[in-house]
Each structure stands twice: as structure tokens, then as C-alpha cells.
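K.L.:
Shown below is the structure under consideration.
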Amino acid sequence: YRSKIASARYRRSSSGNRMLQVVHGLTEVAVGHDRVAEYFVLDGTSSYGIARARKRLVELYRASGLEPQSGDEIAPADLFGAELEVKLEHDEWEGQLRLRVVAYRRLGARPNTGIPF
């Protein structure tokens with residue numbers, strides 16, 4: 001699906017951990033299903049969990065046309081308005097069916113780029 005990032009901001013999880021919330025505005029989908037949020041927990045969890053979140057965040061930045069370098073600060077404002085493609089899957093969370101972002105790709109990227117779409 002084509003996505004335009006509607007918001008990106010720091011928040012606190014229910015357990016008080018710092019996280020980045022990114023809301024994708026999906027185009028060409030029915031109203032009411034045109035937004036999907038994803039969360040990147042940045043502290044307070046296992047080192048594996050943090051590493052995985054940071055890896056996915058770098059993938060998101062690259063698909064958005066940005067090239068973060070090691071040691072760069074995470075700047076949510078850089079993502080605002082970025083356009084990209086996202087792959088979604090259904091997921092169950094707290095007994096409810098929801099959409100979850102599972103992959104990213106730059107707009108217009110060819111399918112054989114190695115990104116799993």
C-alpha cells in the first residue's frame with residue numbers, strides 16, 4: 001500500500017518506556033482503514049528488542065528516502081510527510097484483529113530489490 005507518514009512522535013508506553021509512534025496514512029483504501037500506527041520501543045526492554053526496533057526504524061528511514069548514519073539522532077520530524085510503500089498483514093493483539101506493518105519499500109522501487117513484497 002502507498003503510505004504518507006501522517007505523524008511521527010515520541011510517546012511513553014503503558015510501562016513507561018520511551019517509544020516512537022509512526023502513523024501511516026494509507027491511500028487508495030476505504031475510509032476507516034486508512035491509518036495504521038506502528039511503535040518502536042527505544043528503551044526499557046531487552047537489548048534484542050531494542051536492536052530489532054532500531055533495525056526496523058533504519059529500514060523505515062531508508063524507504064522514506066533518508067540515509068541515517070551510525071550515531072545519528074532519531075528525529076521524528078524527518079519522517080513527517082514521507083511517502084513510501086508498506087506491506088501490511090493481519091495480526092491479533094489483545095483479542096482484536098488489527099493491521100501491522102511488516103515491510104517497507106521506496107515508492108517506485110522495483111520488486112526485485114530484495115525487499116520482501
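Ligands are numbered from 1 in the order shown, residues from 1 within each chain, and chains are lettered A, B, ... in the order they appear in the C-alpha cells.
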Can you list, as an NGL selection string, every protein, DNA or RNA residue that comes within 10 Å of stretch 28-37 of chain A when you count only C-alpha atoms, leaving out same-chain residues fewer than 3 positions away?
P.N.:
:A and (1-8 or 21-25 or 88 or 98-101)
K.L.:
Write out as an MDAnalysis selection string all residues of chain A that backbone DSSP assigns to alpha helix (DSSP H).
P.N.:
chainID A and resid 47:63
K.L.:
Could you tell me which of A:Arg105, A:Ser13, A:Asp78, A:Glu89 comes closest to A:Arg56 if we count only C-alpha atoms?
P.N.:
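Nearest to A:Arg56: A:Arg105.
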K.L.:
Find the residues near A:Arg18: any atom within 12 Å, counting only C-alpha atoms, skip ones fewer than 6 places away on the same chain, and give them as a list in words.
P.N.:
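Surrounding residues, per the criterion: Arg9, Tyr10, Arg11, Arg12, Tyr39, Phe40, Val41, Leu42, Asp43, Gly44, Thr45, Ile50 and Ala53 of chain A.
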K.L.:
For atom CA of A:Ala103 and atom CA of A:Glu59, quote the distance in Å rounded to one decimal.
P.N.:
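A separation of 8.3 Å between them.
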K.L.:
Give me every strand (DSSP E) residue in chain A, going by DSSP on the backbone, as number ranges by chain.
P.N.:
A: 2-12, 18-26, 35-41, 83-93, 96-106
K.L.:
Restricting the calculation to only C-alpha atoms, which member of A:Leu79, A:Ala51, A:Ala109, A:Leu26 is positioned closest to A:Glu67?
P.N.:
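Checking each candidate against A:Glu67, we get A:Leu79 as the closest.
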K.L.:
Between atom CA of A:Arg106 and atom CA of A:His90, what is the distance in Å, rounded to a tenth?
P.N.:
21.8 Å
